[in-house]
file run25.txt (compact mmCIF, C-alpha atoms)
# COMPACT_ATOMS: atom_id res chain seq x y z
CA MET A 861 -16.92 0.13 -13.50
CA THR A 862 -20.46 1.19 -12.74
CA PHE A 863 -20.11 -0.58 -9.44
CA LEU A 864 -17.14 1.55 -8.64
CA GLY A 865 -19.18 4.68 -9.22
CA ILE A 866 -22.00 3.36 -7.07
CA ILE A 867 -19.63 2.51 -4.26
CA ALA A 868 -17.98 5.91 -4.38
CA LEU A 869 -21.35 7.64 -4.26
CA ALA A 870 -22.47 5.52 -1.32
CA ILE A 871 -19.32 6.34 0.59
CA VAL A 872 -19.95 10.05 0.19
CA ARG A 873 -23.50 9.88 1.45
CA LEU A 874 -23.11 7.43 4.30
CA GLN A 875 -22.84 8.43 7.91
CA ASP A 876 -21.95 5.03 9.25
CA LEU A 877 -18.17 4.98 9.15
CA PHE A 878 -17.97 1.23 9.49
CA SER A 879 -19.88 0.82 6.26
CA VAL A 880 -17.67 3.46 4.69
CA VAL A 881 -14.54 1.48 5.51
CA MET A 882 -16.07 -1.76 4.32
CA LEU A 883 -17.14 -0.16 1.09
CA SER A 884 -13.67 1.24 0.52
CA SER A 885 -12.29 -2.25 0.97
CA LEU A 886 -14.79 -3.46 -1.59
CA TYR A 887 -13.68 -0.69 -3.91
CA SER A 888 -10.09 -1.90 -3.66
CA LEU A 889 -11.12 -5.45 -4.37
CA LEU A 890 -13.12 -4.45 -7.42
CA SER A 891 -10.20 -2.38 -8.67
CA ALA A 892 -7.96 -5.39 -8.21
CA SER A 893 -10.24 -7.48 -10.42
CA ILE A 894 -10.26 -4.75 -13.04
CA PHE A 895 -6.47 -4.77 -12.89
CA VAL A 896 -6.51 -8.47 -13.68
CA ALA A 897 -8.78 -7.83 -16.62
CA LEU A 898 -6.26 -5.23 -17.78
CA ASP A 899 -3.41 -7.78 -17.62
CA ALA A 900 -1.74 -6.17 -14.62
CA VAL A 901 -1.41 -9.24 -12.43
CA ASP A 902 1.36 -8.00 -10.12
CA VAL A 903 -0.50 -4.78 -9.51
CA ALA A 904 -3.75 -6.63 -8.85
CA PHE A 905 -1.98 -8.84 -6.33
CA THR A 906 -0.53 -5.91 -4.45
CA GLU A 907 -3.70 -3.84 -4.58
CA ALA A 908 -5.80 -6.71 -3.27
CA ALA A 909 -3.39 -7.48 -0.46
CA VAL A 910 -2.79 -3.88 0.50
CA GLY A 911 -6.15 -2.27 -0.18
CA ALA A 912 -8.48 -4.97 0.93
CA GLY A 913 -6.18 -6.16 3.69
CA VAL A 914 -3.90 -3.81 5.54
CA SER A 915 -5.62 -0.55 4.66
CA THR A 916 -8.97 -1.79 5.90
CA VAL A 917 -7.50 -3.04 9.16
CA LEU A 918 -5.84 0.34 9.71
CA LEU A 919 -9.02 2.29 9.11
CA LEU A 920 -11.01 -0.02 11.35
CA SER A 921 -8.46 0.54 14.09
CA VAL A 922 -9.01 4.26 13.73
CA LEU A 923 -12.73 3.69 14.07
CA SER A 924 -12.20 1.79 17.28
CA HIS A 925 -10.78 4.97 18.82
CA THR A 926 -13.14 7.46 17.33
CA GLY A 927 -16.84 7.01 16.85
CA ARG A 928 -18.65 4.93 14.34
CA TRP A 929 -21.35 7.41 13.44
CA ILE A 930 -20.84 10.92 12.21
CA ARG A 931 -23.23 13.83 11.96
CA PRO A 932 -24.54 15.10 8.65
CA PRO A 933 -22.29 17.82 7.25
CA TYR A 934 -22.77 21.29 8.67
CA ARG A 935 -22.51 23.29 5.53
CA GLY A 936 -24.03 22.52 2.21
CA ALA A 937 -21.86 20.70 -0.25
CA TRP A 938 -22.76 22.71 -3.32
CA LEU A 939 -19.55 24.63 -3.84
CA PRO A 940 -17.26 21.58 -3.61
CA LEU A 941 -19.66 19.67 -5.82
CA LEU A 942 -19.39 22.37 -8.45
CA VAL A 943 -15.59 22.30 -8.26
CA VAL A 944 -15.55 18.54 -8.62
CA ILE A 945 -17.93 18.57 -11.58
CA LEU A 946 -15.89 21.23 -13.34
CA THR A 947 -12.63 19.41 -12.74
CA GLY A 948 -14.15 16.13 -13.83
CA ALA A 949 -15.49 17.70 -17.00
CA ALA A 950 -12.10 19.20 -17.79
CA LEU A 951 -10.42 15.84 -17.28
CA ALA A 952 -12.99 14.05 -19.40
CA TYR A 953 -12.49 16.62 -22.13
CA GLY A 954 -8.77 15.93 -21.92
CA THR A 955 -9.28 12.23 -22.44
CA LEU A 956 -11.01 12.83 -25.76
CA ASP A 957 -7.60 13.52 -27.18
CA MET A 958 -6.13 10.30 -25.95
CA PRO A 959 -5.57 7.31 -28.19
CA HIS A 960 -8.03 4.46 -28.05
CA MET A 961 -7.56 2.03 -25.23
CA GLY A 962 -5.36 -0.84 -26.17
CA ASP A 963 -3.84 0.87 -29.16
CA PRO A 964 -0.33 -0.52 -29.66
CA MET A 965 0.80 2.66 -31.40
CA ALA A 966 0.03 4.93 -28.48
CA PRO A 967 2.85 7.16 -27.21
CA ALA A 968 2.85 5.47 -23.84
CA HIS A 969 4.25 2.33 -25.39
CA ASN A 970 7.52 3.83 -26.38
CA ASP A 971 10.89 2.29 -27.02
CA VAL A 972 11.85 1.94 -23.39
CA SER A 973 9.31 -0.75 -22.59
CA GLN A 974 10.03 -2.44 -25.90
CA ARG A 975 13.65 -2.67 -24.97
CA TYR A 976 12.87 -3.99 -21.50
CA LEU A 977 10.61 -6.66 -22.91
CA GLU A 978 13.07 -7.74 -25.56
CA LYS A 979 16.28 -7.63 -23.63
CA SER A 980 14.98 -8.92 -20.32
CA SER A 981 15.35 -12.56 -21.24
CA GLN A 982 18.94 -12.10 -22.40
CA GLU A 983 20.18 -9.74 -19.76
CA ILE A 984 18.33 -11.02 -16.74
CA GLY A 985 16.67 -14.24 -17.68
CA ILE A 986 13.64 -14.25 -15.44
CA PRO A 987 10.16 -14.52 -16.93
CA ASN A 988 8.44 -11.92 -14.78
CA VAL A 989 9.30 -8.66 -16.53
CA VAL A 990 7.70 -6.51 -13.84
CA THR A 991 10.01 -7.98 -11.21
CA SER A 992 13.03 -7.57 -13.43
CA ILE A 993 12.22 -3.92 -14.06
CA LEU A 994 11.39 -3.31 -10.42
CA ALA A 995 14.44 -4.98 -8.98
CA SER A 996 17.04 -4.46 -11.64
CA TYR A 997 16.38 -1.89 -14.33
CA ARG A 998 14.64 0.50 -11.92
CA GLY A 999 16.18 -0.88 -8.77
CA TYR A 1000 17.09 2.52 -7.43
CA ASP A 1001 13.44 3.57 -7.33
CA THR A 1002 12.60 0.47 -5.36
CA LEU A 1003 15.25 1.44 -2.84
CA GLY A 1004 13.55 4.81 -2.45
CA GLU A 1005 10.19 3.17 -2.05
CA THR A 1006 11.44 0.87 0.67
CA THR A 1007 12.86 3.89 2.45
CA VAL A 1008 9.49 5.63 2.21
CA ILE A 1009 7.63 2.81 3.81
CA PHE A 1010 10.30 2.48 6.48
CA THR A 1011 9.93 6.18 7.24
CA ALA A 1012 6.16 5.81 7.46
CA ALA A 1013 6.56 3.07 10.03
CA VAL A 1014 8.91 5.23 12.05
CA SER A 1015 6.44 8.13 11.89
CA VAL A 1016 3.58 5.96 13.08
CA MET A 1017 5.65 4.65 15.94
CA VAL A 1018 6.66 8.17 16.92
CA LEU A 1019 3.07 9.40 16.74
CA LEU A 1020 1.48 6.56 18.61
CA GLY A 1021 4.34 5.42 20.73
CA ARG A 1022 4.96 2.02 22.12
CA ARG A 1023 2.89 0.62 24.95
CA GLY A 1024 3.77 1.65 28.43
CA ARG A 1025 4.30 5.28 27.45
CA ARG A 1026 3.20 7.96 29.94
CA ARG A 1027 0.12 9.84 28.89
CA ARG A 1028 1.22 13.15 27.41
CA SER A 1029 -0.75 16.31 27.78
CA PRO A 1030 -3.07 17.04 24.88
CA ILE A 1031 -1.97 19.54 22.28
CA ARG A 1032 -4.26 22.35 23.39
CA ASN A 1033 -2.42 22.76 26.65
CA ARG A 1034 0.75 23.65 24.81
CA GLY A 1035 -0.68 26.79 23.26
CA ASP A 1036 1.89 28.96 25.02
CA GLU A 1037 4.56 27.47 22.78
CA ARG A 1038 2.93 28.76 19.67
CA THR A 1039 3.42 32.52 19.78
CA MET B 947 -15.31 13.98 -0.83
CA VAL B 948 -11.89 15.12 0.18
CA ILE B 949 -12.93 18.75 -0.06
CA ALA B 950 -16.63 18.37 0.63
CA SER B 951 -16.59 16.41 3.83
CA ASP B 952 -16.06 17.82 7.28
CA HIS B 953 -15.00 14.63 8.89
CA LEU B 954 -11.33 13.64 8.82
CA VAL B 955 -11.89 9.91 8.41
CA LYS B 956 -14.05 10.49 5.37
CA LYS B 957 -11.34 12.68 3.93
CA LEU B 958 -8.79 9.93 4.44
CA VAL B 959 -10.98 7.29 2.87
CA GLY B 960 -11.74 9.64 0.02
CA LEU B 961 -8.04 10.20 -0.55
CA SER B 962 -7.42 6.48 -0.65
CA ILE B 963 -10.21 5.91 -3.15
CA PHE B 964 -8.96 8.80 -5.24
CA GLN B 965 -5.51 7.22 -5.38
CA THR B 966 -6.91 3.86 -6.42
CA SER B 967 -8.87 5.46 -9.24
CA VAL B 968 -5.75 7.17 -10.53
CA PHE B 969 -4.01 3.80 -10.56
CA LEU B 970 -6.87 2.40 -12.61
CA PHE B 971 -6.38 5.21 -15.07
CA TYR B 972 -2.67 4.51 -15.47
CA ILE B 973 -3.10 0.78 -15.83
CA SER B 974 -5.77 1.27 -18.44
CA ILE B 975 -3.21 3.21 -20.47
CA ALA B 976 -0.80 0.32 -20.24
CA LYS B 977 -3.11 -2.25 -21.75
CA ILE B 978 -2.56 -3.36 -25.32
CA PHE B 979 -5.26 -5.20 -27.21
CA GLY B 980 -4.35 -8.81 -27.83
CA GLY B 981 -1.54 -8.59 -25.33
CA SER B 982 -1.15 -10.63 -22.22
CA ALA B 983 0.31 -10.17 -18.80
CA PRO B 984 3.99 -9.21 -18.98
CA ILE B 985 5.37 -12.58 -17.99
CA LEU B 986 7.60 -13.93 -20.69
CA ASP B 987 6.44 -17.13 -22.29
CA PRO B 988 7.65 -18.62 -25.59
CA ALA B 989 4.12 -19.05 -26.87
CA ILE B 990 3.15 -15.39 -26.56
CA THR B 991 4.31 -12.55 -28.78
CA HIS B 992 2.39 -9.52 -27.56
CA TYR B 993 2.61 -8.24 -24.01
CA SER B 994 1.00 -5.36 -22.24
CA ASN B 995 3.32 -2.54 -21.32
CA PRO B 996 5.03 -3.41 -18.03
CA LEU B 997 6.46 -0.01 -17.21
CA PRO B 998 3.28 1.57 -15.77
CA HIS B 999 2.81 -1.60 -13.72
CA VAL B 1000 6.08 -0.96 -11.96
CA LEU B 1001 5.20 2.66 -11.34
CA ILE B 1002 1.81 1.80 -9.91
CA LEU B 1003 3.27 -0.94 -7.72
CA THR B 1004 5.48 1.64 -6.07
CA ALA B 1005 2.57 4.06 -5.88
CA ILE B 1006 0.34 1.54 -4.11
CA VAL B 1007 2.93 0.94 -1.43
CA VAL B 1008 3.52 4.64 -0.96
CA GLY B 1009 -0.26 5.08 -0.77
CA VAL B 1010 -0.60 2.66 2.08
CA ALA B 1011 2.29 4.38 3.85
CA THR B 1012 0.45 7.70 3.53
CA THR B 1013 -2.81 6.19 4.73
CA SER B 1014 -1.13 4.70 7.78
CA VAL B 1015 0.50 7.98 8.79
CA GLY B 1016 -2.79 9.77 8.17
CA ALA B 1017 -4.61 7.29 10.37
CA ALA B 1018 -2.05 7.76 13.15
CA LEU B 1019 -2.51 11.52 12.90
CA ILE B 1020 -6.27 11.13 13.10
CA VAL B 1021 -6.01 9.09 16.27
CA ARG B 1022 -3.79 11.72 17.88
CA ILE B 1023 -6.00 14.59 16.75
CA HIS B 1024 -8.99 12.84 18.24
CA GLU B 1025 -7.13 12.48 21.48
CA ALA B 1026 -6.10 16.13 21.51
CA TYR B 1027 -9.32 17.80 20.36
CA GLY B 1028 -11.96 15.29 21.28
CA THR B 1029 -13.61 15.58 17.89
CA LEU B 1030 -12.90 14.83 14.28
CA GLU B 1031 -15.08 17.38 12.60
CA GLU B 1032 -12.96 19.96 10.87
CA THR B 1033 -15.12 22.97 11.78
CA GLU B 1034 -15.05 22.05 15.44
CA ILE B 1035 -11.28 21.72 15.33
CA HIS B 1036 -10.98 25.15 13.74
CA ILE B 1037 -13.26 26.61 16.40
CA GLN B 1038 -11.16 25.11 19.15
CA ASP B 1039 -8.03 26.52 17.57
CA GLU B 1040 -9.61 29.99 17.30
CA LEU B 1041 -10.59 29.93 20.94
CA GLU B 1042 -6.98 29.55 22.07
CA MET C 1264 -13.36 -14.26 25.17
CA ARG C 1265 -16.90 -14.56 23.96
CA PRO C 1266 -17.81 -18.17 23.14
CA ASP C 1267 -18.57 -17.42 19.51
CA MET C 1268 -14.90 -16.64 18.82
CA ARG C 1269 -14.19 -20.35 18.80
CA VAL C 1270 -15.14 -20.89 15.18
CA VAL C 1271 -13.01 -17.94 14.12
CA ARG C 1272 -10.11 -19.28 16.14
CA VAL C 1273 -10.27 -22.74 14.63
CA VAL C 1274 -10.46 -21.42 11.11
CA ALA C 1275 -7.67 -18.95 11.78
CA ARG C 1276 -5.43 -21.67 13.16
CA LEU C 1277 -5.96 -23.62 9.97
CA LEU C 1278 -5.40 -20.66 7.70
CA ILE C 1279 -2.43 -18.93 9.28
CA PRO C 1280 0.18 -21.57 8.40
CA LEU C 1281 -1.18 -21.74 4.87
CA ILE C 1282 -0.94 -17.99 4.52
CA LEU C 1283 2.62 -18.00 5.80
CA VAL C 1284 3.65 -20.71 3.36
CA PHE C 1285 1.95 -18.81 0.57
CA ALA C 1286 3.86 -15.69 1.54
CA PHE C 1287 7.14 -17.56 1.23
CA TYR C 1288 6.03 -19.04 -2.08
CA VAL C 1289 5.19 -15.62 -3.48
CA GLN C 1290 8.49 -14.21 -2.27
CA PHE C 1291 10.68 -16.80 -3.89
CA HIS C 1292 8.66 -17.39 -7.04
CA GLY C 1293 8.39 -13.71 -7.82
CA ASP C 1294 10.63 -14.34 -10.76
CA TYR C 1295 8.37 -16.82 -12.46
CA GLY C 1296 4.90 -15.59 -11.77
CA PRO C 1297 3.25 -12.57 -10.26
CA GLY C 1298 4.66 -11.71 -6.91
CA GLY C 1299 7.91 -10.53 -5.46
CA GLY C 1300 8.97 -8.73 -2.35
CA PHE C 1301 6.09 -6.36 -1.66
CA GLN C 1302 3.30 -8.84 -2.16
CA ALA C 1303 5.06 -11.45 -0.05
CA GLY C 1304 5.69 -8.96 2.74
CA VAL C 1305 2.08 -7.85 2.88
CA ILE C 1306 0.78 -11.41 2.84
CA PHE C 1307 3.11 -12.42 5.64
CA ALA C 1308 1.97 -9.41 7.62
CA SER C 1309 -1.67 -10.35 7.03
CA ALA C 1310 -1.08 -13.74 8.61
CA ILE C 1311 0.41 -12.18 11.72
CA ILE C 1312 -2.32 -9.54 11.87
CA LEU C 1313 -4.93 -12.28 11.68
CA TYR C 1314 -3.21 -13.96 14.57
CA ALA C 1315 -3.22 -10.72 16.56
CA LEU C 1316 -6.92 -10.21 15.80
CA VAL C 1317 -7.97 -13.67 16.87
CA TYR C 1318 -5.87 -13.80 19.99
CA ASP C 1319 -4.79 -10.50 21.43
CA THR C 1320 -1.88 -8.16 20.91
CA PRO C 1321 0.28 -9.26 23.86
CA THR C 1322 0.13 -12.83 22.54
CA ALA C 1323 1.22 -11.62 19.11
CA ASP C 1324 3.96 -9.61 20.76
CA LYS C 1325 5.26 -12.78 22.34
CA ILE C 1326 5.90 -14.50 19.04
CA LEU C 1327 7.29 -11.42 17.29
CA HIS C 1328 8.68 -8.99 19.80
CA PRO C 1329 8.39 -5.29 18.78
CA ARG C 1330 12.12 -4.77 19.12
CA PHE C 1331 12.76 -7.73 16.83
CA LEU C 1332 10.41 -6.22 14.27
CA ARG C 1333 12.17 -2.90 14.42
CA VAL C 1334 15.49 -4.58 13.86
CA MET C 1335 14.09 -6.58 10.93
CA MET C 1336 12.73 -3.42 9.34
CA SER C 1337 16.12 -1.82 9.37
CA LEU C 1338 17.90 -5.00 8.35
CA GLY C 1339 15.80 -5.36 5.21
CA LEU C 1340 16.63 -1.88 4.06
CA LEU C 1341 20.25 -2.41 5.01
CA LEU C 1342 20.37 -5.61 2.97
CA TYR C 1343 19.21 -3.70 -0.07
CA ILE C 1344 21.91 -1.09 0.37
CA LEU C 1345 24.54 -3.72 1.08
CA VAL C 1346 23.77 -5.45 -2.19
CA GLY C 1347 24.28 -2.14 -3.95
CA LEU C 1348 27.53 -1.58 -2.11
CA ALA C 1349 28.68 -5.09 -2.92
CA CYS C 1350 28.25 -4.27 -6.58
CA LEU C 1351 30.38 -1.18 -6.04
CA TYR C 1352 32.98 -3.30 -4.30
CA GLN C 1353 33.13 -5.68 -7.22
CA GLY C 1354 33.90 -2.86 -9.58
CA GLY C 1355 30.53 -1.98 -11.11
CA ALA C 1356 28.10 0.83 -10.48
CA PHE C 1357 25.79 0.99 -7.47
CA LEU C 1358 23.16 -1.73 -7.88
CA GLU C 1359 24.66 -3.00 -11.12
CA TYR C 1360 24.19 -6.67 -10.49
CA ASP C 1361 26.10 -7.82 -13.55
CA VAL C 1362 29.41 -7.75 -11.75
CA LEU C 1363 28.37 -9.84 -8.75
CA THR C 1364 29.51 -13.11 -10.28
CA ARG C 1365 31.46 -14.01 -13.39
CA ASP C 1366 28.35 -14.58 -15.44
CA ALA C 1367 26.19 -11.47 -15.90
CA VAL C 1368 22.88 -13.31 -15.91
CA HIS C 1369 23.75 -15.16 -12.72
CA GLY C 1370 24.79 -11.93 -11.16
CA GLN C 1371 21.40 -10.49 -11.95
CA HIS C 1372 19.65 -13.49 -10.44
CA ARG C 1373 21.62 -13.21 -7.24
CA GLY C 1374 21.16 -9.49 -6.97
CA ILE C 1375 17.44 -9.70 -7.55
CA PHE C 1376 17.09 -12.54 -5.06
CA TRP C 1377 18.73 -10.68 -2.22
CA VAL C 1378 17.12 -7.38 -3.03
CA GLU C 1379 13.64 -8.88 -3.08
CA LEU C 1380 14.37 -10.63 0.19
CA GLY C 1381 15.37 -7.33 1.75
CA VAL C 1382 12.27 -5.60 0.45
CA GLY C 1383 10.00 -8.41 1.61
CA THR C 1384 11.46 -8.41 5.10
CA THR C 1385 11.13 -4.67 5.48
CA VAL C 1386 7.59 -4.54 4.16
CA ALA C 1387 6.44 -7.40 6.39
CA ALA C 1388 8.04 -5.92 9.49
CA VAL C 1389 6.66 -2.47 8.69
CA MET C 1390 3.10 -3.64 8.19
CA ILE C 1391 3.11 -5.76 11.32
CA SER C 1392 4.66 -3.01 13.44
CA VAL C 1393 2.26 -0.34 12.22
CA VAL C 1394 -0.86 -2.43 12.75
CA LEU C 1395 0.25 -3.77 16.12
CA THR C 1396 1.08 -0.22 17.22
CA PHE C 1397 -2.48 0.77 16.40
CA PHE C 1398 -3.86 -2.22 18.27
CA GLY C 1399 -1.60 -1.70 21.26
CA TYR C 1400 -2.46 1.96 21.53
CA SER C 1401 -6.14 1.32 22.17
CA GLU C 1402 -5.53 -0.95 25.11
CA HIS C 1403 -3.72 1.68 27.14
CA HIS C 1404 -5.26 4.98 26.19
CA HIS C 1405 -8.95 4.50 26.53

call {"tool": "encode", "arguments": {"input": "run25.txt", "output": "structure tokens"}}
result
Amino acid sequence: MTFLGIIALAIVRLQDLFSVVMLSSLYSLLSASIFVALDAVDVAFTEAAVGAGVSTVLLLSVLSHTGRWIRPPYRGAWLPLLVVILTGAALAYGTLDMPHMGDPMAPAHNDVSQRYLEKSSQEIGIPNVVTSILASYRGYDTLGETTVIFTAAVSVMVLLGRRGRRRRSPIRNRGDERT
Amino acid sequence: MVIASDHLVKKLVGLSIFQTSVFLFYISIAKIFGGSAPILDPAITHYSNPLPHVLILTAIVVGVATTSVGAALIVRIHEAYGTLEETEIHIQDELE
Amino acid sequence: MRPDMRVVRVVARLLIPLILVFAFYVQFHGDYGPGGGFQAGVIFASAIILYALVYDTPTADKILHPRFLRVMMSLGLLLYILVGLACLYQGGAFLEYDVLTRDAVHGQHRGIFWVELGVGTTVAAVMISVVLTFFGYSEHHH
């Protein structure tokens, strides 16, 4: 976890965007290994594939259009830093109230998951409980999620267009439409 | 970094890291000591709570969808304004 | 093509079929181990993206035409909805897989199989389309 903090700090301070993207990919990979240590194998799988794979490729593509180096920030970062420290302190104070990690009696482990775990073998009969919840017990949410990612693809294709498109005028020349 | 940085790419990367940390938080809630991964096996009695896993799985996919749309927007903004620094973009908007 | 791409190409040509097979494995064994539709879709997309990185985007477009990908995206989502509608047709609620066959457990298996297939197809097509759109954009607008 310390590594995660170090990586996050490095990303804030760096001005080389290529390193920033690479470090964010590393962050995802480290998180994926922590997920495995926390018994969340499906989540680790997805996070590793998505975070360290597709997300990195996307950000690198952005870098290929824009520059690789950025200037140091114009204004000082003291006010946002104060806000972040205050928010972080408030959140940390909130966690003092939480049950210990791994406590089986915690409120998060309520009857619903118990029921899913117990009844899954009778009602559905597949060993992977996460898949059975995702596809069957909470199948409607998965439908929504698929729609979301479909919509995102459509948005990207609208924004960037397919190849062979005419070059449109930049936004600033359409200022007369904005009155 | 999302609020502190001027540069749009840093904001996007910061957002993505922020999301991943929140996922870590949720998954850490789901863990039960002595449990194992929620894949049913006759030899195991205690499992970690699978419900947050499902939630986070959906959230990861939605996160990558957001990142991709954000990246597309950044590319278009760069094409329209020529810069990705937020103050410069505001200045160009004011000058219109 | 710079000469030092040759090593990358050789390794990629070895890896891409393996990655594709692994994607199919993850898709269909999502019931028994970690995996399922999303993971399989992203892994499949990674194989194609690797191909597009090593060769170039027009070559990748030749094996998976953009229009085909758009159709696959919609078909995956449609498959999901059709499964739900089929459950309605058989007399149950939307996406209640129990009624798909006579035996409730078998109905669940079938429903989950088709639903995961739909999700995997959509996710793979989406990821490939988005990344190839990014790649294709740079070649024409610089």

call {"tool": "residues_around", "arguments": {"input": "run25.txt", "residues": "Ser888 in chain A", "least_positions_apart": "6", "cutoff": "9 Å", "atoms": "only C-alpha atoms", "output": "compact mmCIF listing (two decimals) with C-alpha atoms, keeping the file's coordinate frame"}}
result
# COMPACT_ATOMS: atom_id res chain seq x y z
CA GLU A 907 -3.70 -3.84 -4.58
CA ALA A 908 -5.80 -6.71 -3.27
CA VAL A 910 -2.79 -3.88 0.50
CA GLY A 911 -6.15 -2.27 -0.18
CA ALA A 912 -8.48 -4.97 0.93
CA ILE B 963 -10.21 5.91 -3.15
CA THR B 966 -6.91 3.86 -6.42

call {"tool": "closest_atom_pairs", "arguments": {"input": "run25.txt", "of": "chain C", "to": "chain A", "cutoff": "6 Å", "atoms": "only C-alpha atoms", "output": "tab-separated table"}}
result
residue	atom	partner	partner_atom	distance
C:Asp1294	CA	A:Asn988	CA	5.2
C:Tyr1295	CA	A:Pro987	CA	5.3
C:Gly1296	CA	A:Asn988	CA	5.9
C:Pro1297	CA	A:Asp902	CA	4.9
C:Gly1298	CA	A:Asp902	CA	5.9
C:Gln1302	CA	A:Thr906	CA	5.3
C:Val1368	CA	A:Ile984	CA	5.2
C:Gln1371	CA	A:Ile984	CA	5.7
C:Ile1375	CA	A:Ala995	CA	5.8
C:Val1389	CA	A:Ala1013	CA	5.7
C:Val1393	CA	A:Ala1013	CA	5.9

call {"tool": "closest_residue", "arguments": {"input": "run25.txt", "among": "B:Pro996, B:His1024, B:Ile1035, B:Val1015", "to": "Ser980 in chain A", "atoms": "only C-alpha atoms"}}
result
B:Pro996

call {"tool": "interface_residues", "arguments": {"input": "run25.txt", "of": "chain C", "to": "chain B", "cutoff": "12 Å", "atoms": "all atoms listed in the file", "output": "list of chain:residue names"}}
result
C:Gly1293, C:Asp1294, C:Tyr1295, C:Gly1296, C:Pro1297, C:Gly1298, C:Gly1299, C:Gly1300, C:Phe1301, C:Gln1302, C:Gly1304, C:Val1305, C:Val1382, C:Val1386, C:Ala1387, C:Val1389, C:Met1390, C:Ile1391, C:Ser1392, C:Val1393, C:Val1394, C:Leu1395, C:Thr1396, C:Phe1397, C:Phe1398, C:Tyr1400, C:Ser1401, C:His1404, C:His1405

call {"tool": "write_last_selection", "arguments": {"input": "run25.txt", "atoms": "C-alpha atoms", "output": "mmCIF file, keeping the file's coordinate frame"}}
result
data_model
loop_
_atom_site.group_PDB
_atom_site.id
_atom_site.type_symbol
_atom_site.label_atom_id
_atom_site.label_comp_id
_atom_site.auth_asym_id
_atom_site.auth_seq_id
_atom_site.Cartn_x
_atom_site.Cartn_y
_atom_site.Cartn_z
ATOM 1 C CA GLY C 1293 8.390 -13.710 -7.820
ATOM 2 C CA ASP C 1294 10.630 -14.340 -10.760
ATOM 3 C CA TYR C 1295 8.370 -16.820 -12.460
ATOM 4 C CA GLY C 1296 4.900 -15.590 -11.770
ATOM 5 C CA PRO C 1297 3.250 -12.570 -10.260
ATOM 6 C CA GLY C 1298 4.660 -11.710 -6.910
ATOM 7 C CA GLY C 1299 7.910 -10.530 -5.460
ATOM 8 C CA GLY C 1300 8.970 -8.730 -2.350
ATOM 9 C CA PHE C 1301 6.090 -6.360 -1.660
ATOM 10 C CA GLN C 1302 3.300 -8.840 -2.160
ATOM 11 C CA GLY C 1304 5.690 -8.960 2.740
ATOM 12 C CA VAL C 1305 2.080 -7.850 2.880
ATOM 13 C CA VAL C 1382 12.270 -5.600 0.450
ATOM 14 C CA VAL C 1386 7.590 -4.540 4.160
ATOM 15 C CA ALA C 1387 6.440 -7.400 6.390
ATOM 16 C CA VAL C 1389 6.660 -2.470 8.690
ATOM 17 C CA MET C 1390 3.100 -3.640 8.190
ATOM 18 C CA ILE C 1391 3.110 -5.760 11.320
ATOM 19 C CA SER C 1392 4.660 -3.010 13.440
ATOM 20 C CA VAL C 1393 2.260 -0.340 12.220
ATOM 21 C CA VAL C 1394 -0.860 -2.430 12.750
ATOM 22 C CA LEU C 1395 0.250 -3.770 16.120
ATOM 23 C CA THR C 1396 1.080 -0.220 17.220
ATOM 24 C CA PHE C 1397 -2.480 0.770 16.400
ATOM 25 C CA PHE C 1398 -3.860 -2.220 18.270
ATOM 26 C CA TYR C 1400 -2.460 1.960 21.530
ATOM 27 C CA SER C 1401 -6.140 1.320 22.170
ATOM 28 C CA HIS C 1404 -5.260 4.980 26.190
ATOM 29 C CA HIS C 1405 -8.950 4.500 26.530
#

call {"tool": "residues_around", "arguments": {"input": "run25.txt", "residues": "Tyr993 in chain B", "least_positions_apart": "4", "cutoff": "12 Å", "atoms": "only C-alpha atoms", "output": "list in words"}}
result
Leu898, Asp899, Ala900, Gly962, Pro964, His969, Ser973, Gln974, Tyr976, Leu977, Glu978, Asn988, Val989 and Val990 of chain A; Ala976, Lys977, Ile978, Phe979, Gly980, Gly981, Ser982, Ala983, Pro984, Ile985, Leu986, Asp987, Pro988, Ala989 and Leu997 of chain B

call {"tool": "atom_distance", "arguments": {"input": "run25.txt", "atom1": "CA of Val1334 in chain C", "atom2": "CA of Ala1275 in chain C"}}
result
27.3 Å

call {"tool": "atom_distance", "arguments": {"input": "run25.txt", "atom1": "CA of Ser879 in chain A", "atom2": "CA of Ile894 in chain A"}}
result
22.3 Å

call {"tool": "atom_distance", "arguments": {"input": "run25.txt", "atom1": "CA of Val1018 in chain A", "atom2": "CA of Thr1012 in chain B"}}
result
14.8 Å

call {"tool": "residues_around", "arguments": {"input": "run25.txt", "residues": "Val1362 in chain C", "least_positions_apart": "6", "cutoff": "9 Å", "atoms": "only C-alpha atoms", "output": "ChimeraX atom specification"}}
result
/C:1350-1351,1353-1356,1370-1371

call {"tool": "residues_near_point", "arguments": {"input": "run25.txt", "point": "(-1.7, -12.7, 17.5)", "cutoff": "12 Å", "atoms": "all atoms listed in the file", "output": "VMD selection string"}}
result
chain C and resid 1272 1275 to 1276 1279 1308 to 1328 1391 1394 to 1395 1398 to 1399

call {"tool": "closest_residue", "arguments": {"input": "run25.txt", "among": "A:Ser893, A:Ser884, A:Thr947, A:Thr862", "to": "chain B", "atoms": "all atoms listed in the file"}}
result
A:Ser884

call {"tool": "closest_residue", "arguments": {"input": "run25.txt", "among": "B:Ser967, B:Gly1009, B:Ala1026, B:Gly1016", "to": "chain A", "atoms": "all atoms listed in the file"}}
result
B:Ala1026

call {"tool": "decode", "arguments": {"input": "run25.txt", "residues": "range 879-885 of chain A", "atoms": "C-alpha atoms", "output": "JSON list (two decimals), in the first residue's frame"}}
result
[["chain", "number", "residue", "atom", "x", "y", "z"],
["A", 879, "SER", "CA", 5.78, 8.54, -17.13],
["A", 880, "VAL", "CA", 2.48, 9.62, -15.61],
["A", 881, "VAL", "CA", 0.56, 7.20, -17.79],
["A", 882, "MET", "CA", 3.00, 4.39, -17.14],
["A", 883, "LEU", "CA", 2.79, 4.99, -13.43],
["A", 884, "SER", "CA", -0.98, 4.94, -13.53],
["A", 885, "SER", "CA", -0.80, 1.59, -15.28]]
